[in-house]
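J.: Below is a structure I'd like to ask you about.
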Amino acid sequence: MSTPVDRVDRIALGLAALGRPAYINLGRDGALPAVRDVASMRAATFTVLDGAYAAGIRTVDVARSYGRSEEFLAGWLDERGHRDVVVSSKWGYAYVGGWRLDVEVHEVKEHSATRFAVQWAETLALLGDRVSLYQVHSLTVDSPLFTDEPLIEALAELAANGVAVGFSTSGPAQAAAIERAFALEVAGRPVFSSVQSTWNLLEPSAGPALAAAHAAGKRVLVKETLANGRLAVEAPRVLLDIAAAHGTGPDAVAVAAVLANDWAGAAVIGPASAPQLEANLRATMLSLSTEEEAALAGLAEDAGDYWRHRSSLGWD
């Protein structure tokens, strides 16, 4: 399996690292403005969006919990006049960080019909009909969503009205959540048509479930392609060696490894600056050999260990 070259059409830009001043990604210090006020972060977001658009990226992923990401994206779309950008957003978490770095809690999760109704209205107010995909944020196999009939019916109604409905997953049981979610139906019709899951060189456990979803005609997006920056900032030696052999950075190799999966419809990248964007996009021109893919496969960690490490990352 080899990576197609020049496949920027399979890259989506995520704004998790730009829509709020604090996030858990490594490598944001020095990439973001020295002062992370709203105006500075808005300008930084516009710069990255401009660079992504110029490079050919036409899909942007945001969320209600990504601070002002929807607001920044809406402003950029209005100012630039672009009508060919595909927008996906997510509901389920509320941003409660108050635009501060030092709070203990930055976002609060709630999968309920009330939270969906409130956040869908907020998303509509900012982005209107630009939203083509609306996703449940971080659906887990034990989410109350699975037994909430009013919520399930509301999601099915949104899908019936022409907005694709999907879900993202997190945690070591992603595969179980994917299988359970795609089994949900209303009036004989599947509720979900899309999934966005974590898959990277350190945490590939959802791969078989994502491949099965793709084979069943579902859209698959891959998030946390750099393991929240670990694969760029703390890259293992084998990754660094392969990157050096290709004359590029470890981030590009990590993203190329995602693109090497035929089931991955889009790899979501989350650069915090234009230079990081440029470095990430070198993946679209990089093909990995079978031997390199095999060597990189050896980086996989136990899923439980990976997610415990992720939960220990601090918001900076």
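Here's how to read the names in the structure tokens: chain A, B, ... by the order shown, residue numbers from 1 in each chain, ligand numbers from 1 in the order shown.
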Excluding A:Val86 and residues on its chain fewer than 4 positions from it, collect all residues at most 8 Å away from it, counting only C-alpha atoms, and give them as a list in words.
T.: Arg58, Thr59, Val60, Arg130, Val131 and Ser132 of chain A
J.: Given the selection you just returned, output its residues as a file containing all heavy atoms, formatted as an mmCIF file, in the first residue's frame.
T.:
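Written out: again32.cif:
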data_model
loop_
_atom_site.group_PDB
_atom_site.id
_atom_site.type_symbol
_atom_site.label_atom_id
_atom_site.label_comp_id
_atom_site.auth_asym_id
_atom_site.auth_seq_id
_atom_site.Cartn_x
_atom_site.Cartn_y
_atom_site.Cartn_z
ATOM 1 N N ARG A 58 -10.007 22.311 0.697
ATOM 2 C CA ARG A 58 -11.368 22.831 0.582
ATOM 3 C C ARG A 58 -12.292 22.312 1.692
ATOM 4 O O ARG A 58 -13.501 22.553 1.636
ATOM 5 C CB ARG A 58 -11.967 22.473 -0.787
ATOM 6 C CG ARG A 58 -11.264 23.157 -1.966
ATOM 7 C CD ARG A 58 -11.450 24.645 -1.925
ATOM 8 N NE ARG A 58 -10.820 25.313 -3.058
ATOM 9 C CZ ARG A 58 -9.586 25.789 -3.063
ATOM 10 N NH1 ARG A 58 -8.820 25.654 -1.965
ATOM 11 N NH2 ARG A 58 -9.093 26.396 -4.126
ATOM 12 N N THR A 59 -11.761 21.594 2.668
ATOM 13 C CA THR A 59 -12.558 21.091 3.785
ATOM 14 C C THR A 59 -12.001 21.633 5.086
ATOM 15 O O THR A 59 -10.792 21.533 5.338
ATOM 16 C CB THR A 59 -12.546 19.552 3.821
ATOM 17 O OG1 THR A 59 -13.080 19.036 2.591
ATOM 18 C CG2 THR A 59 -13.395 19.033 4.978
ATOM 19 N N VAL A 60 -12.880 22.218 5.908
ATOM 20 C CA VAL A 60 -12.467 22.779 7.195
ATOM 21 C C VAL A 60 -13.338 22.184 8.286
ATOM 22 O O VAL A 60 -14.569 22.126 8.164
ATOM 23 C CB VAL A 60 -12.577 24.314 7.211
ATOM 24 C CG1 VAL A 60 -12.101 24.864 8.555
ATOM 25 C CG2 VAL A 60 -11.759 24.922 6.072
ATOM 26 N N ARG A 130 -23.706 26.664 5.135
ATOM 27 C CA ARG A 130 -22.352 26.231 4.756
ATOM 28 C C ARG A 130 -21.991 24.884 5.394
ATOM 29 O O ARG A 130 -21.083 24.196 4.936
ATOM 30 C CB ARG A 130 -21.322 27.274 5.173
ATOM 31 C CG ARG A 130 -21.433 28.621 4.445
ATOM 32 C CD ARG A 130 -20.264 29.498 4.847
ATOM 33 N NE ARG A 130 -20.241 30.774 4.148
ATOM 34 C CZ ARG A 130 -20.603 31.925 4.692
ATOM 35 N NH1 ARG A 130 -21.048 31.951 5.944
ATOM 36 N NH2 ARG A 130 -20.531 33.047 4.003
ATOM 37 N N VAL A 131 -22.675 24.523 6.486
ATOM 38 C CA VAL A 131 -22.367 23.280 7.180
ATOM 39 C C VAL A 131 -22.949 22.099 6.414
ATOM 40 O O VAL A 131 -24.162 21.996 6.234
ATOM 41 C CB VAL A 131 -22.921 23.279 8.618
ATOM 42 C CG1 VAL A 131 -22.589 21.959 9.322
ATOM 43 C CG2 VAL A 131 -22.356 24.447 9.409
ATOM 44 N N SER A 132 -22.084 21.205 5.969
ATOM 45 C CA SER A 132 -22.554 20.026 5.246
ATOM 46 C C SER A 132 -22.482 18.765 6.093
ATOM 47 O O SER A 132 -23.107 17.762 5.760
ATOM 48 C CB SER A 132 -21.730 19.822 3.968
ATOM 49 O OG SER A 132 -20.375 19.559 4.295
#
J.: Just want the 12 Å neighbourhood of stretch 308-311 of chain A, counted on only C-alpha atoms, with same-chain residues fewer than 2 positions away dropped. Output as a ChimeraX atom specification.
T.: /A:24-26,170-172,198,202-203,224,227-230,301-306,313-315
J.: Could you pull out all residues of stretch 93-162 of chain A with a DSSP call of alpha helix (DSSP H) and give them as a list in words?
T.: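 Of stretch 93-162 of chain A, only Ala113, Thr114, Arg115, Phe116, Ala117, Val118, Gln119, Trp120, Ala121, Glu122, Thr123, Leu124, Ala125, Leu126, Leu127, Glu149, Pro150, Leu151, Ile152, Glu153, Ala154, Leu155, Ala156, Glu157, Leu158, Ala159 and Ala160 of chain A fall in alpha helix (DSSP H).
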J.: Could you take the residues named above and write them with N, CA and C atoms, as a compact mmCIF listing (two decimals), in the first residue's frame?
T.:
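Below is the file out-v3.txt, written as the result:
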# COMPACT_ATOMS: atom_id res chain seq x y z
N ALA A 113 -30.54 15.80 23.96
CA ALA A 113 -31.34 16.46 22.93
C ALA A 113 -31.31 17.98 23.13
N THR A 114 -31.27 18.41 24.38
CA THR A 114 -31.24 19.85 24.66
C THR A 114 -29.93 20.46 24.18
N ARG A 115 -28.81 19.82 24.51
CA ARG A 115 -27.51 20.34 24.08
C ARG A 115 -27.43 20.36 22.55
N PHE A 116 -27.94 19.32 21.89
CA PHE A 116 -27.93 19.30 20.43
C PHE A 116 -28.72 20.47 19.86
N ALA A 117 -29.94 20.68 20.38
CA ALA A 117 -30.80 21.74 19.85
C ALA A 117 -30.15 23.12 20.03
N VAL A 118 -29.58 23.35 21.21
CA VAL A 118 -28.94 24.64 21.49
C VAL A 118 -27.73 24.85 20.59
N GLN A 119 -26.88 23.85 20.49
CA GLN A 119 -25.65 24.04 19.74
C GLN A 119 -25.89 24.05 18.23
N TRP A 120 -26.86 23.30 17.75
CA TRP A 120 -27.16 23.37 16.33
C TRP A 120 -27.66 24.77 15.96
N ALA A 121 -28.46 25.37 16.83
CA ALA A 121 -28.93 26.73 16.59
C ALA A 121 -27.75 27.71 16.58
N GLU A 122 -26.79 27.51 17.50
CA GLU A 122 -25.61 28.38 17.54
C GLU A 122 -24.76 28.22 16.27
N THR A 123 -24.59 26.98 15.83
CA THR A 123 -23.83 26.74 14.61
C THR A 123 -24.52 27.36 13.40
N LEU A 124 -25.83 27.18 13.30
CA LEU A 124 -26.59 27.75 12.20
C LEU A 124 -26.47 29.27 12.17
N ALA A 125 -26.51 29.90 13.34
CA ALA A 125 -26.44 31.35 13.40
C ALA A 125 -25.14 31.88 12.83
N LEU A 126 -24.07 31.10 12.97
CA LEU A 126 -22.77 31.54 12.48
C LEU A 126 -22.47 31.09 11.05
N LEU A 127 -22.82 29.85 10.74
CA LEU A 127 -22.38 29.27 9.48
C LEU A 127 -23.51 28.94 8.51
N GLU A 149 -34.05 8.37 22.71
CA GLU A 149 -34.85 8.33 21.49
C GLU A 149 -35.13 9.72 20.91
N PRO A 150 -35.50 10.72 21.73
CA PRO A 150 -35.71 12.07 21.15
C PRO A 150 -34.47 12.61 20.46
N LEU A 151 -33.29 12.37 21.03
CA LEU A 151 -32.05 12.84 20.42
C LEU A 151 -31.78 12.10 19.11
N ILE A 152 -31.94 10.80 19.12
CA ILE A 152 -31.72 10.02 17.91
C ILE A 152 -32.67 10.47 16.80
N GLU A 153 -33.92 10.72 17.16
CA GLU A 153 -34.88 11.19 16.16
C GLU A 153 -34.53 12.58 15.64
N ALA A 154 -34.01 13.44 16.51
CA ALA A 154 -33.61 14.78 16.08
C ALA A 154 -32.44 14.71 15.11
N LEU A 155 -31.51 13.82 15.37
CA LEU A 155 -30.38 13.65 14.45
C LEU A 155 -30.85 13.09 13.11
N ALA A 156 -31.77 12.15 13.16
CA ALA A 156 -32.31 11.59 11.92
C ALA A 156 -33.06 12.64 11.12
N GLU A 157 -33.74 13.54 11.80
CA GLU A 157 -34.46 14.61 11.11
C GLU A 157 -33.48 15.56 10.42
N LEU A 158 -32.37 15.86 11.10
CA LEU A 158 -31.35 16.71 10.48
C LEU A 158 -30.81 16.06 9.21
N ALA A 159 -30.55 14.75 9.28
CA ALA A 159 -30.06 14.04 8.11
C ALA A 159 -31.09 14.05 6.99
N ALA A 160 -32.37 13.91 7.34
CA ALA A 160 -33.43 13.92 6.34
C ALA A 160 -33.56 15.28 5.67
J.: Check which residues of stretch 104-207 of chain A sit at most 10 Å from stretch 263-278 of chain A using only C-alpha atoms, and return one row each with the closest pair of atoms and their distance in Å to one decimal, ordered by chain and rising number, as JSON lines.
T.:
{"residue": "A:Gln196", "atom": "CA", "partner": "A:Val268", "partner_atom": "CA", "distance": 9.0}
{"residue": "A:Ser197", "atom": "CA", "partner": "A:Val268", "partner_atom": "CA", "distance": 9.9}
{"residue": "A:Thr198", "atom": "CA", "partner": "A:Val268", "partner_atom": "CA", "distance": 9.8}
{"residue": "A:Trp199", "atom": "CA", "partner": "A:Ala267", "partner_atom": "CA", "distance": 9.4}
{"residue": "A:Gly207", "atom": "CA", "partner": "A:Trp263", "partner_atom": "CA", "distance": 8.7}
J.: Keeping N, CA and C atoms for every residue in the selection just given, could you write it to a file as a compact mmCIF listing (two decimals), in the first residue's frame?
T.:
# COMPACT_ATOMS: atom_id res chain seq x y z
N GLN A 196 -15.47 10.28 12.32
CA GLN A 196 -14.16 10.92 12.46
C GLN A 196 -13.49 10.34 13.70
N SER A 197 -12.44 9.56 13.47
CA SER A 197 -11.81 8.85 14.58
C SER A 197 -10.32 9.14 14.65
N THR A 198 -9.77 8.91 15.83
CA THR A 198 -8.33 8.99 16.01
C THR A 198 -7.67 7.76 15.39
N TRP A 199 -6.73 8.01 14.51
CA TRP A 199 -5.84 6.97 13.98
C TRP A 199 -4.51 7.64 13.70
N GLY A 207 -8.36 1.07 13.16
CA GLY A 207 -8.20 0.85 11.73
C GLY A 207 -9.15 -0.16 11.11
J.: Considering only C-alpha atoms, return as a PyMOL selection string whatever protein or nucleic-acid residues lie within 8 Å of A:Val62, sequence-local ones (same chain, fewer than 2 positions apart) excluded.
T.: chain A and resi 14-16+60+64+66+69-70+87-90
J.: With DSSP run on the backbone, what are the strand (DSSP E) residues within stretch 219-311 of chain A? I'd like them as a ChimeraX atom specification.
T.: /A:219-223,266-269
J.: Can you pull out every residue within 10 Å of stretch 294-296 of chain A, counting only C-alpha atoms, but drop anything in the same chain fewer than 2 positions away, and send it as JSON, numbers by chain?
T.: {"A": [201, 202, 236, 238, 239, 242, 253, 254, 257, 288, 289, 290, 291, 292, 298, 299, 300]}
J.: When distances are computed from only C-alpha atoms, which of A:Ala183, A:Arg36, A:Pro190, A:Trp307 shows the smallest separation from A:Leu101?
T.: A:Arg36
J.: List the neighbours of A:Pro33 out to 8 Å using only C-alpha atoms; skip same-chain residues closer than 6 positions along the sequence, and give me the result as a PyMOL selection string.
T.: chain A and resi 40-41+44
J.: Please compute the atom CA of A:Gly56-atom CA of A:Asp9 distance, one decimal, in Å.
T.: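 Separation of atom CA of A:Gly56 and atom CA of A:Asp9: 7.0 Å.
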J.: So how far away is atom CA of A:Asp251 from atom CA of A:Ala34, in Å?
T.: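 Computed distance, atom CA of A:Ala34 to atom CA of A:Asp251, equals 23.4 Å.
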J.: Give me, please, the distance in Å between atom CA of A:Val8 and atom CA of A:Ala212, quoted to one decimal.
T.: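 Separation between atom CA of A:Val8 and atom CA of A:Ala212: 23.8 Å.
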